[in-house]
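K.L.:
File run09.txt follows (compact mmCIF, C-alpha atoms):
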```txt
# COMPACT_ATOMS: atom_id res chain seq x y z
CA MET A 1 0.00 0.00 0.00
CA ARG A 2 2.83 2.38 0.82
CA PHE A 3 4.46 1.52 -2.47
CA ASP A 4 1.30 2.25 -4.41
CA LYS A 5 0.86 5.66 -2.78
CA LYS A 6 4.46 6.57 -3.42
CA ASN A 7 4.24 5.54 -7.04
CA LEU A 8 0.99 7.45 -7.44
CA LEU A 9 2.55 10.60 -5.97
CA ILE A 10 5.55 10.30 -8.26
CA GLY A 11 3.24 9.81 -11.22
CA LEU A 12 1.19 12.89 -10.38
CA VAL A 13 4.33 15.02 -10.02
CA ALA A 14 5.61 13.73 -13.35
CA VAL A 15 2.30 14.53 -15.06
CA ALA A 16 2.37 18.04 -13.56
CA VAL A 17 5.93 18.64 -14.73
CA VAL A 18 5.20 17.36 -18.23
CA GLY A 19 1.96 19.35 -18.40
CA GLY A 20 3.72 22.52 -17.23
CA GLY A 21 6.45 21.99 -19.77
CA ILE A 22 3.93 21.53 -22.55
CA TRP A 23 2.07 24.69 -21.44
CA ALA A 24 5.28 26.72 -21.32
CA TRP A 25 6.36 25.42 -24.72
CA GLN A 26 3.00 26.27 -26.24
CA ARG A 27 3.10 29.76 -24.75
CA PHE A 28 6.63 30.83 -25.58
CA ALA A 29 7.95 28.47 -28.22
CA GLY A 30 4.84 27.31 -30.04
CA SER A 31 1.60 29.27 -30.01
CA GLY A 32 3.33 32.43 -28.77
CA ALA A 33 5.54 32.68 -31.82
CA LEU A 34 4.42 34.98 -34.61
CA PRO A 35 5.94 34.89 -38.09
CA GLU A 36 8.82 37.20 -38.87
CA GLY A 37 7.53 40.67 -39.60
CA LEU A 38 5.04 40.77 -36.72
CA ILE A 39 5.69 41.82 -33.14
CA GLN A 40 3.17 41.27 -30.37
CA ALA A 41 2.93 43.37 -27.24
CA ASN A 42 0.39 44.30 -24.65
CA GLY A 43 -0.43 47.18 -22.36
CA ARG A 44 -3.26 49.47 -21.37
CA ILE A 45 -5.31 51.91 -23.39
CA GLU A 46 -4.57 55.50 -22.45
CA GLY A 47 -5.41 58.95 -23.74
CA ASP A 48 -3.97 62.44 -23.87
CA HIS A 49 -5.23 64.06 -20.71
CA THR A 50 -6.52 67.62 -20.57
CA THR A 51 -6.76 69.40 -17.25
CA VAL A 52 -9.67 71.80 -16.88
CA ALA A 53 -8.60 74.47 -14.39
CA SER A 54 -9.94 77.78 -13.16
CA LYS A 55 -8.21 80.92 -14.46
CA LEU A 56 -9.46 82.89 -11.47
CA ALA A 57 -9.69 82.33 -7.75
CA GLY A 58 -13.15 81.90 -6.30
CA ARG A 59 -15.78 79.61 -4.86
CA ILE A 60 -17.26 76.84 -6.97
CA ALA A 61 -20.96 77.58 -7.28
CA VAL A 62 -22.06 74.71 -9.54
CA LEU A 63 -20.48 71.53 -10.92
CA LYS A 64 -22.29 70.18 -13.97
CA ALA A 65 -20.27 67.04 -14.74
CA ARG A 66 -19.29 63.89 -12.93
CA GLU A 67 -16.68 61.21 -13.45
CA GLY A 68 -17.51 59.09 -16.45
CA ASP A 69 -19.66 61.74 -18.14
CA ALA A 70 -19.15 62.19 -21.86
CA VAL A 71 -18.88 65.89 -22.71
CA GLN A 72 -18.73 67.92 -25.89
CA ALA A 73 -16.25 70.69 -26.70
CA GLY A 74 -17.50 73.96 -25.24
CA GLN A 75 -19.89 72.29 -22.80
CA VAL A 76 -20.18 74.06 -19.43
CA LEU A 77 -18.59 71.96 -16.70
CA ALA A 78 -18.55 74.32 -13.72
CA GLN A 79 -19.46 77.84 -12.64
CA LEU A 80 -17.69 80.00 -10.08
CA GLU A 81 -19.45 82.70 -8.08
CA ASP A 82 -19.56 86.00 -9.99
CA THR A 83 -21.16 88.50 -7.62
CA GLN A 84 -18.31 91.03 -7.52
CA LEU A 85 -17.43 90.78 -11.18
CA ALA A 86 -21.08 91.08 -12.15
CA ALA A 87 -21.25 94.42 -10.33
CA LYS A 88 -18.09 95.59 -12.09
CA GLN A 89 -19.53 94.57 -15.41
CA GLN A 90 -22.66 96.61 -14.77
CA GLN A 91 -20.52 99.64 -13.94
CA ALA A 92 -18.41 99.16 -17.05
CA ASP A 93 -21.48 98.76 -19.26
CA ALA A 94 -23.04 101.91 -17.71
CA ALA A 95 -19.85 103.89 -18.41
CA VAL A 96 -19.91 102.74 -22.03
CA ALA A 97 -23.56 103.75 -22.39
CA THR A 98 -22.93 107.22 -20.87
CA ILE A 99 -19.94 108.00 -23.07
CA ALA A 100 -21.75 106.67 -26.12
CA ALA A 101 -24.65 109.05 -25.46
CA GLN A 102 -22.26 111.99 -25.02
CA LEU A 103 -20.50 111.06 -28.23
CA GLN A 104 -23.78 110.90 -30.11
CA ALA A 105 -24.72 114.41 -28.92
CA ALA A 106 -21.26 115.77 -29.79
CA ARG A 107 -21.44 114.29 -33.27
CA ALA A 108 -24.85 115.87 -33.79
CA GLN A 109 -23.52 119.29 -32.71
CA LEU A 110 -20.52 118.88 -34.99
CA ALA A 111 -22.76 118.05 -37.92
CA ILE A 112 -24.85 121.19 -37.28
CA ALA A 113 -21.74 123.35 -36.98
CA ARG A 114 -20.33 121.96 -40.20
CA ARG A 115 -23.53 122.96 -41.99
CA GLU A 116 -24.08 126.36 -40.36
CA VAL A 117 -20.53 127.79 -40.39
CA PRO A 118 -20.09 127.76 -44.20
CA LEU A 119 -23.56 129.26 -44.64
CA ALA A 120 -22.85 132.03 -42.12
CA GLU A 121 -19.50 132.75 -43.72
CA ALA A 122 -21.01 132.92 -47.19
CA SER A 123 -23.75 135.25 -45.98
CA ALA A 124 -21.25 137.53 -44.19
CA ASP A 125 -19.06 137.57 -47.26
CA ALA A 126 -22.00 138.66 -49.41
CA VAL A 127 -22.92 141.39 -46.94
CA LEU A 128 -19.31 142.56 -46.92
CA ALA A 129 -19.18 142.75 -50.69
CA LYS A 130 -22.35 144.80 -50.75
CA ALA A 131 -21.04 147.09 -47.98
CA ARG A 132 -17.79 147.63 -49.86
CA ALA A 133 -19.65 148.58 -53.00
CA ALA A 134 -21.91 150.98 -51.07
CA GLU A 135 -18.93 152.57 -49.31
CA ALA A 136 -17.06 153.00 -52.56
CA GLN A 137 -20.07 154.62 -54.21
CA ALA A 138 -20.68 156.88 -51.18
CA ALA A 139 -17.01 157.98 -51.22
CA LYS A 140 -17.25 158.76 -54.92
CA ASP A 141 -20.47 160.74 -54.43
CA ALA A 142 -19.00 162.69 -51.49
CA ARG A 143 -15.95 163.73 -53.55
CA ARG A 144 -18.06 164.73 -56.52
CA PHE A 145 -20.45 166.85 -54.45
CA ASP A 146 -17.53 168.47 -52.64
CA GLU A 147 -16.14 169.55 -56.05
CA LEU A 148 -19.55 170.81 -57.18
CA ALA A 149 -19.99 172.74 -53.93
CA GLU A 150 -16.60 174.41 -54.41
CA ARG A 151 -17.62 175.57 -57.88
CA GLY A 152 -20.97 176.71 -56.49
CA THR A 153 -22.92 174.33 -58.67
CA VAL A 154 -24.69 172.76 -55.67
CA GLU A 155 -25.44 173.98 -52.22
CA PRO A 156 -22.88 173.13 -49.48
CA ARG A 157 -25.70 171.37 -47.64
CA ARG A 158 -25.90 168.74 -50.36
CA ALA A 159 -22.18 168.10 -50.14
CA GLU A 160 -22.49 167.72 -46.36
CA GLN A 161 -25.27 165.14 -46.83
CA MET A 162 -23.04 163.09 -49.19
CA ARG A 163 -20.19 163.17 -46.67
CA LEU A 164 -22.56 161.94 -43.94
CA ALA A 165 -23.79 159.18 -46.25
CA HIS A 166 -20.18 158.12 -46.86
CA THR A 167 -19.51 158.08 -43.12
CA SER A 168 -22.54 155.81 -42.60
CA SER A 169 -21.57 153.44 -45.39
CA ALA A 170 -18.05 153.25 -44.00
CA ALA A 171 -19.50 152.22 -40.62
CA ASP A 172 -21.59 149.56 -42.35
CA LEU A 173 -18.46 148.30 -44.07
CA ARG A 174 -16.60 147.95 -40.78
CA GLN A 175 -19.60 146.11 -39.31
CA ALA A 176 -19.68 143.75 -42.29
CA GLU A 177 -15.94 143.06 -41.92
CA GLN A 178 -16.43 142.24 -38.24
CA SER A 179 -19.34 139.95 -39.08
CA LEU A 180 -17.20 138.08 -41.60
CA SER A 181 -14.40 137.75 -39.04
CA SER A 182 -16.91 136.34 -36.54
CA ALA A 183 -18.27 133.95 -39.15
CA ARG A 184 -14.78 132.71 -39.91
CA LEU A 185 -14.25 132.05 -36.21
CA GLY A 186 -16.92 129.42 -36.63
CA HIS A 187 -14.24 127.19 -38.19
CA ASP A 188 -12.44 127.26 -34.86
CA LYS A 189 -15.66 126.16 -33.19
CA VAL A 190 -15.93 123.31 -35.70
CA LYS A 191 -12.36 122.32 -34.90
CA ALA A 192 -13.16 122.42 -31.19
CA ARG A 193 -16.22 120.21 -31.81
CA GLU A 194 -14.05 117.80 -33.76
CA ASN A 195 -11.58 117.65 -30.88
CA ASP A 196 -14.45 116.97 -28.47
CA VAL A 197 -15.69 114.15 -30.69
CA ALA A 198 -12.19 112.68 -30.98
CA ALA A 199 -11.74 112.79 -27.20
CA LEU A 200 -15.10 111.11 -26.63
CA GLU A 201 -14.30 108.45 -29.23
CA ALA A 202 -11.03 107.70 -27.44
CA GLY A 203 -12.87 107.59 -24.12
CA LEU A 204 -15.46 105.26 -25.58
CA ARG A 205 -12.76 102.90 -26.88
CA GLN A 206 -11.16 102.80 -23.45
CA ALA A 207 -14.49 102.20 -21.75
CA GLU A 208 -15.35 99.44 -24.22
CA ALA A 209 -11.94 97.84 -23.66
CA ALA A 210 -12.48 97.94 -19.91
CA ALA A 211 -15.96 96.47 -20.30
CA LYS A 212 -14.60 93.78 -22.61
CA GLU A 213 -11.91 92.91 -20.07
CA VAL A 214 -14.46 92.60 -17.29
CA ALA A 215 -16.71 90.53 -19.56
CA SER A 216 -13.75 88.26 -20.29
CA LEU A 217 -13.16 87.80 -16.57
CA VAL A 218 -16.83 87.02 -16.06
CA ASP A 219 -16.63 84.50 -18.89
CA ASP A 220 -13.57 82.93 -17.27
CA LEU A 221 -15.75 82.09 -14.27
CA THR A 222 -17.55 79.61 -16.52
CA LEU A 223 -15.43 76.51 -17.07
CA ARG A 224 -16.02 74.79 -20.42
CA ALA A 225 -14.66 71.60 -21.88
CA PRO A 226 -11.77 72.49 -24.21
CA THR A 227 -12.41 69.33 -26.22
CA GLY A 228 -14.86 66.47 -26.37
CA GLY A 229 -14.16 63.43 -24.23
CA VAL A 230 -14.86 61.73 -20.94
CA ILE A 231 -14.40 63.07 -17.42
CA LEU A 232 -11.90 60.74 -15.77
CA THR A 233 -11.60 62.57 -12.46
CA ARG A 234 -13.52 65.35 -10.71
CA LEU A 235 -10.98 66.86 -8.36
CA ARG A 236 -13.13 69.44 -6.53
CA GLU A 237 -16.65 69.72 -5.15
CA ALA A 238 -19.23 72.50 -5.17
CA GLY A 239 -18.69 75.08 -2.44
CA GLU A 240 -14.91 74.71 -2.33
CA MET A 241 -12.63 77.71 -2.65
CA VAL A 242 -10.07 77.32 -5.42
CA ALA A 243 -7.02 79.34 -6.34
CA ALA A 244 -6.23 80.46 -9.86
CA GLY A 245 -4.94 77.53 -11.88
CA THR A 246 -6.45 74.89 -9.60
CA PRO A 247 -7.34 71.71 -11.58
CA ILE A 248 -11.02 70.82 -11.29
CA PHE A 249 -11.51 68.13 -13.95
CA ASP A 250 -9.28 65.62 -15.72
CA LEU A 251 -10.58 65.04 -19.24
CA VAL A 252 -9.50 62.56 -21.89
CA ASP A 253 -10.45 62.75 -25.57
CA LEU A 254 -11.94 59.40 -26.66
CA ASN A 255 -11.13 60.22 -30.28
CA LYS A 256 -7.39 60.36 -29.53
CA LEU A 257 -6.73 57.18 -27.56
CA TYR A 258 -3.61 55.07 -27.80
CA LEU A 259 -2.33 51.76 -26.52
CA LYS A 260 0.92 52.06 -24.61
CA VAL A 261 2.91 48.85 -24.98
CA TYR A 262 6.44 47.80 -24.09
CA VAL A 263 8.65 46.16 -26.72
CA PRO A 264 11.74 44.14 -25.68
CA GLU A 265 15.13 45.68 -26.31
CA LYS A 266 16.05 43.03 -28.89
CA GLN A 267 13.01 43.86 -31.04
CA ILE A 268 12.91 47.66 -30.79
CA GLY A 269 15.29 48.06 -33.73
CA GLN A 270 12.64 46.62 -36.05
CA LEU A 271 10.15 49.37 -35.25
CA ARG A 272 9.80 52.81 -36.77
CA LEU A 273 7.22 55.54 -36.68
CA GLY A 274 4.23 55.08 -38.95
CA LEU A 275 4.12 51.26 -38.78
CA PRO A 276 0.59 49.80 -38.76
CA ALA A 277 -0.76 47.79 -35.88
CA GLN A 278 -3.88 45.95 -34.84
CA VAL A 279 -5.22 45.98 -31.30
CA TYR A 280 -7.40 43.38 -29.60
CA THR A 281 -9.33 43.68 -26.34
CA ASP A 282 -11.10 41.11 -24.17
CA ALA A 283 -14.37 42.98 -24.64
CA PHE A 284 -14.14 42.62 -28.44
CA PRO A 285 -11.98 39.51 -28.97
CA ASP A 286 -12.99 39.13 -32.62
CA LYS A 287 -12.55 42.81 -33.49
CA ALA A 288 -9.20 44.22 -34.57
CA PHE A 289 -8.86 47.97 -34.09
CA PRO A 290 -6.38 49.54 -36.54
CA ALA A 291 -3.67 51.70 -35.01
CA THR A 292 -0.48 53.48 -36.05
CA THR A 293 2.90 53.71 -34.32
CA ARG A 294 3.29 57.37 -33.34
CA TYR A 295 5.81 57.24 -30.50
CA ILE A 296 8.87 55.17 -29.69
CA ALA A 297 10.78 55.91 -26.49
CA SER A 298 14.44 56.80 -26.88
CA GLN A 299 15.46 55.24 -23.57
CA ALA A 300 14.83 51.76 -22.22
CA GLU A 301 13.14 51.05 -18.89
CA PHE A 302 12.44 48.01 -16.76
CA THR A 303 9.42 46.00 -17.80
CA PRO A 304 6.32 47.06 -15.79
CA LYS A 305 4.92 44.24 -13.66
CA GLU A 306 1.53 44.28 -15.36
CA VAL A 307 3.03 43.88 -18.84
CA GLN A 308 3.53 40.44 -20.37
CA THR A 309 6.51 39.50 -22.52
CA PRO A 310 7.09 36.21 -24.32
CA ASP A 311 10.45 35.98 -22.60
CA GLU A 312 10.13 36.52 -18.86
CA ARG A 313 13.89 37.12 -18.69
CA VAL A 314 13.47 40.36 -20.60
CA LYS A 315 14.19 43.21 -18.23
CA LEU A 316 14.65 46.24 -20.45
CA THR A 317 11.88 47.37 -22.78
CA TYR A 318 10.95 50.48 -24.76
CA ALA A 319 7.61 52.22 -24.43
CA VAL A 320 5.70 52.46 -27.71
CA LYS A 321 2.42 54.30 -28.30
CA LEU A 322 -0.01 52.95 -30.86
CA TYR A 323 -2.61 55.59 -31.66
CA PHE A 324 -5.98 54.24 -32.78
CA ASP A 325 -7.03 55.32 -36.26
CA ALA A 326 -10.62 55.56 -35.02
CA ASN A 327 -12.75 54.74 -32.00
CA PRO A 328 -16.15 53.79 -33.44
CA GLU A 329 -19.02 54.50 -31.06
CA HIS A 330 -16.38 55.21 -28.39
CA ARG A 331 -16.21 51.52 -27.56
CA LEU A 332 -12.62 51.84 -26.39
CA THR A 333 -12.01 53.54 -23.07
CA PRO A 334 -8.87 54.39 -21.03
CA GLY A 335 -7.59 51.85 -18.54
CA VAL A 336 -8.62 48.78 -20.52
CA PRO A 337 -5.86 46.17 -21.06
CA ALA A 338 -5.29 45.18 -24.68
CA ASP A 339 -2.97 43.17 -26.91
CA ALA A 340 -1.39 44.46 -30.11
CA VAL A 341 0.36 43.15 -33.17
CA ILE A 342 2.73 45.50 -34.96
CA ARG A 343 3.72 44.74 -38.56
CA TRP A 344 7.22 45.87 -39.41
CA LYS A 345 7.60 43.93 -42.67
CA ASP A 346 5.26 44.63 -45.58
CA GLY A 347 3.20 41.78 -46.98
CA VAL A 348 3.18 39.60 -43.87
CA PRO A 349 -0.42 38.46 -43.21
CA TRP A 350 -1.98 39.73 -39.98
CA GLN A 351 -2.37 37.28 -37.14
CA ALA A 352 -3.94 37.60 -33.72
CA PRO A 353 -1.59 37.82 -30.74
CA ARG A 354 -0.62 34.54 -29.07
CA TRP A 355 0.22 34.40 -25.39
```
Will you turn the file into structure tokens for me?

P.N.:
Amino acid sequence: MRFDKKNLLIGLVAVAVVGGGIWAWQRFAGSGALPEGLIQANGRIEGDHTTVASKLAGRIAVLKAREGDAVQAGQVLAQLEDTQLAAKQQQADAAVATIAAQLQAARAQLAIARREVPLAEASADAVLAKARAAEAQAAKDARRFDELAERGTVEPRRAEQMRLAHTSSAADLRQAEQSLSSARLGHDKVKARENDVAALEAGLRQAEAAAKEVASLVDDLTLRAPTGGVILTRLREAGEMVAAGTPIFDLVDLNKLYLKVYVPEKQIGQLRLGLPAQVYTDAFPDKAFPATTRYIASQAEFTPKEVQTPDERVKLTYAVKLYFDANPEHRLTPGVPADAVIRWKDGVPWQAPRW
């Protein structure tokens, strides 16, 4: 009986050793071998992360997204309190409205002055021309009657009347000249109106710039998704005070996912950027997702514990990123383990990975 038990134990151990050897051979020497031109590797699906942070310090009033939510570019994710900035925006908008009204009135006055000054100047110029003609005629008449009075042809009284008429016309001429000078001063008033308009226009631009700056700050209190994707982590909660630049969400774009794999040192020389690859996941074992080699690390590192290699003795590997050509219906998500086959020789038929 003892002999039988001993023989049975030896037989079981032998079967286990043989079975383990067969399993190891199938994994690494047999089924694990791919034809030359294909390299298999595995890793986890990752994505380019985007941190959504607040530009301003403040208290979080509302959070509108949770971990796992799919968001679109521009979608509102959070809102900070805006009481103080809202008051400043009202003040800035009121200043813009006031200056705009003043500018409108100044432009109206300038338009009137530009119409009236030329008309007044033309009228004064006409009056002056008439006064000059009247004065010249009165002077001529006064001289002629003075000569006639000296010869006794007319009474001295008539000559005196002509001299008085000349004196009056001369006064009218001086008045007309003053009126023309006053009319021409209207151009200075127009220039002054133009300066007022220019000053108000400059003030309005400054006020609008200030209002735009405040509006930009108010807009910065609303946090929007910079790109479409999935919220991986929500780092803050509503009611918390945050400083400027504080991360609030960690977002990954599902349209720009990649599989990060590790290729043994002895195979890395066969890879180059742009090589095609096919990725397989446990969730879709019969579906191959096309990918392209977009990154190859320049320095080797120790093999991560969670990564499989056909040769367990391999210690140094190179990180390689295989970017998916597409993610139909967003079926692929970050964190999912996956296997990949990279083709480095053209014409070699694709095969599924063998582990």

K.L.:
Env of Asp219 of chain A: 10 Å cut, atoms = only C-alpha atoms, seq-sep filter 3 positions within chain, self excluded. Answer as a PyMOL selection string.

P.N.:
chain A and resi 79-80+82+85+213-216+222-224

K.L.:
With only C-alpha atoms as the basis for distance, which of A:Gln89, A:Gln206, A:Asn42, A:Gln75 is at the shortest distance from Ala340 of chain A?

P.N.:
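Checking each candidate against Ala340 of chain A, we get A:Asn42 as the closest.
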
K.L.:
Restricting the calculation to all atoms listed in the file: of A:Ala33, A:Ile99, A:Ala338, A:Ala139, which residue gets closest to Ala207 of chain A?

P.N.:
A:Ile99

K.L.:
For the contact check between segment 195-232 of chain A and segment 330-337 of chain A, emit one row per residue of segment 195-232 of chain A within 10 Å, containing the shortest atom pair and the distance in Å rounded to one decimal, counting all atoms listed in the file, chain then rising number order, as JSON lines.

P.N.:
```
{"residue": "A:Gly229", "atom": "CA", "partner": "A:His330", "partner_atom": "CA", "distance": 9.5}
{"residue": "A:Val230", "atom": "CA", "partner": "A:Thr333", "partner_atom": "CA", "distance": 8.9}
{"residue": "A:Leu232", "atom": "CA", "partner": "A:Pro334", "partner_atom": "CA", "distance": 8.8}
```

K.L.:
Please compute the atom CA of Lys256 of chain A-atom CA of Gln351 of chain A distance, one decimal, in Å.

P.N.:
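Computing the Euclidean distance for atom CA of Lys256 of chain A and atom CA of Gln351 of chain A yields 24.8 Å.
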
K.L.:
Would you mind listing what lies within 7 Å of Trp344 of chain A as a list of chain:residue names, with all atoms listed in the file counted and same-chain residues fewer than 6 positions away left out?

P.N.:
A:Gly37, A:Leu38, A:Gln270, A:Leu271, A:Leu275

K.L.:
Write out as a ChimeraX atom specification the residues lying within 12 Å of Arg174 of chain A, counting all atoms listed in the file and excluding same-chain residues fewer than 2 positions away.

P.N.:
/A:124,127-132,134-135,167-172,176-181

K.L.:
Write out as a list in words the residues lying within 8 Å of Thr317 of chain A, counting all atoms listed in the file and excluding same-chain residues fewer than 3 positions away.

P.N.:
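Once the adjacent positions are removed, what remains is Tyr262, Val263, Pro264, Glu265, Ala300, Glu301, Phe302, Thr303 and Val314 of chain A.
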
K.L.:
Using all atoms listed in the file, collect all residues at a distance of at most 8 Å from (9.2, 56.5, -24.5) as written in the file, then present them as number ranges by chain.

P.N.:
A: 295-300, 318-320

K.L.:
With all atoms listed in the file as the counted atoms, please give the residues lying no more than 9 Å from Asp48 of chain A, apart from itself and same-chain residues fewer than 4 positions off, as a list in words.

P.N.:
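Those residues are Leu251, Val252, Asp253, Leu254, Lys256, Leu257 and Tyr258 of chain A.
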
K.L.:
Could you save the residues just selected, with C-alpha atoms, as a compact mmCIF listing (two decimals), keeping the file's coordinate frame?

P.N.:
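Dumped to part.txt:
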```
# COMPACT_ATOMS: atom_id res chain seq x y z
CA LEU A 251 -10.58 65.04 -19.24
CA VAL A 252 -9.50 62.56 -21.89
CA ASP A 253 -10.45 62.75 -25.57
CA LEU A 254 -11.94 59.40 -26.66
CA LYS A 256 -7.39 60.36 -29.53
CA LEU A 257 -6.73 57.18 -27.56
CA TYR A 258 -3.61 55.07 -27.80
```

K.L.:
Give one line per residue of segment 84-172 of chain A that approaches segment 193-205 of chain A to at most 7 Å, naming the two atoms of the closest pair and their distance in Å to one decimal, counting only C-alpha atoms; sort by chain then ascending residue number and deliver it as CSV.

P.N.:
```
residue,atom,partner,partner_atom,distance
A:Val96,CA,A:Leu204,CA,6.2
A:Ile99,CA,A:Leu204,CA,5.8
A:Ala100,CA,A:Leu204,CA,6.5
A:Leu103,CA,A:Leu200,CA,5.6
A:Ala106,CA,A:Val197,CA,5.9
A:Arg107,CA,A:Val197,CA,6.3
A:Leu110,CA,A:Arg193,CA,5.5
```

K.L.:
What is the distance, in Å and to one decimal place, between atom CA of Arg114 of chain A and atom CA of Ser182 of chain A?

P.N.:
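So the answer is 15.2 Å.
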
K.L.:
Ranking A:Glu208, A:Asp250, A:Glu121, A:Glu329 by minimum distance to Ala97 of chain A and counting only C-alpha atoms, which one comes first?

P.N.:
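Among the listed residues, A:Glu208 lies closest to Ala97 of chain A.
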
K.L.:
One decimal, Å: what's the distance from atom CA of Ala243 of chain A over to atom CA of Ile60 of chain A, could you say?

P.N.:
10.6 Å

K.L.:
Given the choices A:Ala138, A:Ala122, A:Ile248, A:Ala108, which gets closest to Glu67 of chain A if the distance is worked out from all atoms listed in the file?

P.N.:
A:Ile248

K.L.:
A:Gly269, A:Gly68, A:Gly239, A:Pro353: which is nearest Pro285 of chain A, counting all atoms listed in the file?

P.N.:
A:Pro353

K.L.:
Smallest atom-to-atom distance to Pro118 of chain A: which of A:Lys189, A:His49, A:Arg163, A:Arg157, using only C-alpha atoms?

P.N.:
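Residue with the minimum atom-to-atom distance to Pro118 of chain A: A:Lys189.
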
K.L.:
Generate the coordinates of N, CA, C and O atoms for segment 210-223 of chain A; report them as a PDB file, in the coordinates of the input.

P.N.:
```
ATOM      1  N   ALA A 210     -12.329  98.315 -21.313  1.00  0.00           N
ATOM      2  CA  ALA A 210     -12.480  97.940 -19.910  1.00  0.00           C
ATOM      3  C   ALA A 210     -13.675  97.009 -19.718  1.00  0.00           C
ATOM      4  O   ALA A 210     -13.602  96.014 -18.982  1.00  0.00           O
ATOM      5  N   ALA A 211     -14.778  97.322 -20.402  1.00  0.00           N
ATOM      6  CA  ALA A 211     -15.960  96.470 -20.300  1.00  0.00           C
ATOM      7  C   ALA A 211     -15.694  95.089 -20.892  1.00  0.00           C
ATOM      8  O   ALA A 211     -16.137  94.070 -20.346  1.00  0.00           O
ATOM      9  N   LYS A 212     -14.937  95.067 -21.992  1.00  0.00           N
ATOM     10  CA  LYS A 212     -14.600  93.780 -22.610  1.00  0.00           C
ATOM     11  C   LYS A 212     -13.715  92.960 -21.685  1.00  0.00           C
ATOM     12  O   LYS A 212     -13.869  91.735 -21.584  1.00  0.00           O
ATOM     13  N   GLU A 213     -12.784  93.623 -20.999  1.00  0.00           N
ATOM     14  CA  GLU A 213     -11.910  92.910 -20.070  1.00  0.00           C
ATOM     15  C   GLU A 213     -12.703  92.318 -18.919  1.00  0.00           C
ATOM     16  O   GLU A 213     -12.490  91.165 -18.530  1.00  0.00           O
ATOM     17  N   VAL A 214     -13.627  93.106 -18.381  1.00  0.00           N
ATOM     18  CA  VAL A 214     -14.460  92.600 -17.290  1.00  0.00           C
ATOM     19  C   VAL A 214     -15.328  91.442 -17.785  1.00  0.00           C
ATOM     20  O   VAL A 214     -15.493  90.423 -17.100  1.00  0.00           O
ATOM     21  N   ALA A 215     -15.883  91.599 -18.996  1.00  0.00           N
ATOM     22  CA  ALA A 215     -16.710  90.530 -19.560  1.00  0.00           C
ATOM     23  C   ALA A 215     -15.893  89.256 -19.749  1.00  0.00           C
ATOM     24  O   ALA A 215     -16.391  88.142 -19.537  1.00  0.00           O
ATOM     25  N   SER A 216     -14.617  89.423 -20.132  1.00  0.00           N
ATOM     26  CA  SER A 216     -13.750  88.260 -20.290  1.00  0.00           C
ATOM     27  C   SER A 216     -13.512  87.570 -18.943  1.00  0.00           C
ATOM     28  O   SER A 216     -13.502  86.338 -18.857  1.00  0.00           O
ATOM     29  N   LEU A 217     -13.336  88.385 -17.901  1.00  0.00           N
ATOM     30  CA  LEU A 217     -13.160  87.800 -16.570  1.00  0.00           C
ATOM     31  C   LEU A 217     -14.424  87.077 -16.119  1.00  0.00           C
ATOM     32  O   LEU A 217     -14.350  85.988 -15.527  1.00  0.00           O
ATOM     33  N   VAL A 218     -15.565  87.675 -16.408  1.00  0.00           N
ATOM     34  CA  VAL A 218     -16.830  87.020 -16.060  1.00  0.00           C
ATOM     35  C   VAL A 218     -16.960  85.704 -16.814  1.00  0.00           C
ATOM     36  O   VAL A 218     -17.383  84.682 -16.263  1.00  0.00           O
ATOM     37  N   ASP A 219     -16.560  85.721 -18.090  1.00  0.00           N
ATOM     38  CA  ASP A 219     -16.630  84.500 -18.890  1.00  0.00           C
ATOM     39  C   ASP A 219     -15.675  83.445 -18.348  1.00  0.00           C
ATOM     40  O   ASP A 219     -15.960  82.243 -18.429  1.00  0.00           O
ATOM     41  N   ASP A 220     -14.535  83.882 -17.812  1.00  0.00           N
ATOM     42  CA  ASP A 220     -13.570  82.930 -17.270  1.00  0.00           C
ATOM     43  C   ASP A 220     -14.107  82.219 -16.026  1.00  0.00           C
ATOM     44  O   ASP A 220     -13.555  81.181 -15.624  1.00  0.00           O
ATOM     45  N   LEU A 221     -15.151  82.755 -15.423  1.00  0.00           N
ATOM     46  CA  LEU A 221     -15.750  82.090 -14.270  1.00  0.00           C
ATOM     47  C   LEU A 221     -16.560  80.863 -14.686  1.00  0.00           C
ATOM     48  O   LEU A 221     -16.924  80.047 -13.849  1.00  0.00           O
ATOM     49  N   THR A 222     -16.846  80.772 -15.986  1.00  0.00           N
ATOM     50  CA  THR A 222     -17.550  79.610 -16.520  1.00  0.00           C
ATOM     51  C   THR A 222     -16.526  78.670 -17.139  1.00  0.00           C
ATOM     52  O   THR A 222     -15.852  79.027 -18.096  1.00  0.00           O
ATOM     53  N   LEU A 223     -16.404  77.483 -16.587  1.00  0.00           N
ATOM     54  CA  LEU A 223     -15.430  76.510 -17.070  1.00  0.00           C
ATOM     55  C   LEU A 223     -16.086  75.621 -18.117  1.00  0.00           C
ATOM     56  O   LEU A 223     -17.121  74.987 -17.852  1.00  0.00           O
TER      57      LEU A 223
END
```
